[in-house]
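Below is one structure, written out as structure tokens; comments come after it.
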Amino acid sequence: MTPPFALLRDKTLSARKLFNIESDLMVPAFSQRSEQVPDIDDSYCFDRDTTLAILAGFMHNRRVMLQGYHGTGKSTHIEQVAARLNWPCIRVNLDGYISRIDLIGKDVIVIRDGLQVTEFRSGVIPWSLEQPMALILDEYDAGRPDVMFVLQRLLESNGKLTLIDQNRVIEPHPYFRIFATANTIGLGDATGLYHGTHAINQGQMDRWNIVATLNYLHPDKECGIVLAKVPVYNTKEGKKLVASMVQLAGLTRSGFIASDISTLMSPRTVISWAENYQIFGDLEQAFRVSFLNKCDETERGIIAEYYQRCFNRELAESAIHFVVAE
């Protein structure tokens, strides 16, 4: 395979054909793939507005953040655009354990010619900055403050990185790109759904050129995604079943917005439910292990009403309440 640093954007492709969206945009792409290019998911369904925002990042070196509820496929959306452009891509999850050293690098002791010597090992940012690479910062609003200030310099228009310990300034590769995904919009979590997220410095938020929102799709599109992932249901009865699953997911989202319940079904959960139904052969049991067991017991009565409304049958009493053995 061609190493990433030798890649050239040497072909132009139609966005309409690549992503099945309404657009006359012609997109530059690499003709060769490297090991860092994500695998193509042929069943992936692209949202037009989100795709155009991501393409602006790739084509014009804009800093793009995707915001939305969990399970909507924000990171996957960026990866699948990169996969079709043959653009190398790497994801970094900014959980509470990621430190400045992990991102920038550190001095390590190695054995060279029988002697212990100290050398600098680059972190993920210097490594990706010097090659044609799309760096995706997942859970951006969960990053530690010391980490966020390291990233702030990258968001400038020239994006240079200064390694103080090395007395070196790294110039970004012309095809280096940076993206981020977040469940909140940098203002903190007012819902209680995303513990561990923080308000983001507004000076840093201002450096993101494009902020796009990717939330739950129209039910028809969501049904199409589930059927693409679990094609065994692509029959008349199967489509009816999946439509009821998606309808139930929609009710949980409406209930969450109305503060009736504290847990909602994402498209990822619906897909898991369909897959688990294949495993267990029991729709109710699959629903229980895929979603219901994650819910607060005091809210299960409401969810049972949603289930009855969508499937015209009651959930078993044991599924709604914990059974205490005498």
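Chain labels A, B, ... are given in the sequence in which chains occur in the structure tokens; within each chain residues are numbered consecutively from 1, and ligands are likewise numbered from 1 in the order shown.
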
**OP:** Give me the residues within 12 Å of Thr118 in chain A as a ChimeraX atom specification, counting only C-alpha atoms and dropping any in the same chain fewer than 3 places off.
**Re:** /A:106-112,115,121

How would the residues just picked look written out with C-alpha atoms as a CSV table (one decimal), in the first residue's frame?
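Wrote result-v2.csv, looks like this:
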chain,number,residue,atom,x,y,z
A,106,LYS,CA,6.7,12.4,25.8
A,107,ASP,CA,10.3,11.5,26.4
A,108,VAL,CA,10.9,7.8,26.8
A,109,ILE,CA,14.0,5.7,27.7
A,110,VAL,CA,15.1,3.3,25.0
A,111,ILE,CA,18.0,0.9,24.6
A,112,ARG,CA,20.2,1.9,21.7
A,115,LEU,CA,23.0,2.1,26.2
A,121,ARG,CA,8.0,9.8,21.1

Subject >> Selection near range 222-227 of chain A, 12 Å with only C-alpha atoms, sequence-local residues under 6 positions removed, as number ranges by chain >> reply: A: 41-47, 71-73, 215-216, 233-236, 238-250, 266-275

**OP:** Can you work out the spacing between CA of Met133 in chain A and CA of Asp24 in chain A in Å, to one decimal?
**Re:**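 That distance, rounded to one decimal, is 25.6 Å.
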
Subject >> For Gly143 in chain A, the nearest of the candidates A:Leu129, A:Leu161, A:Leu85, A:Ile98, counting only C-alpha atoms >> reply: A:Ile98

Subject >> Backbone-only DSSP, alpha helix (DSSP H) members of range 203-255 of chain A, as a PyMOL selection string >> reply: chain A and resi 203-205+219-229+236-255

**OP:** Extract the full set of strand (DSSP E or B) residues from range 14-63 of chain A according to DSSP on the backbone, and format it as a list in words.
**Re:**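 DSSP on the backbone gives strand (DSSP E or B) at Ser14, Met26, Val27, Pro28, Ala29 and Phe30 of chain A.
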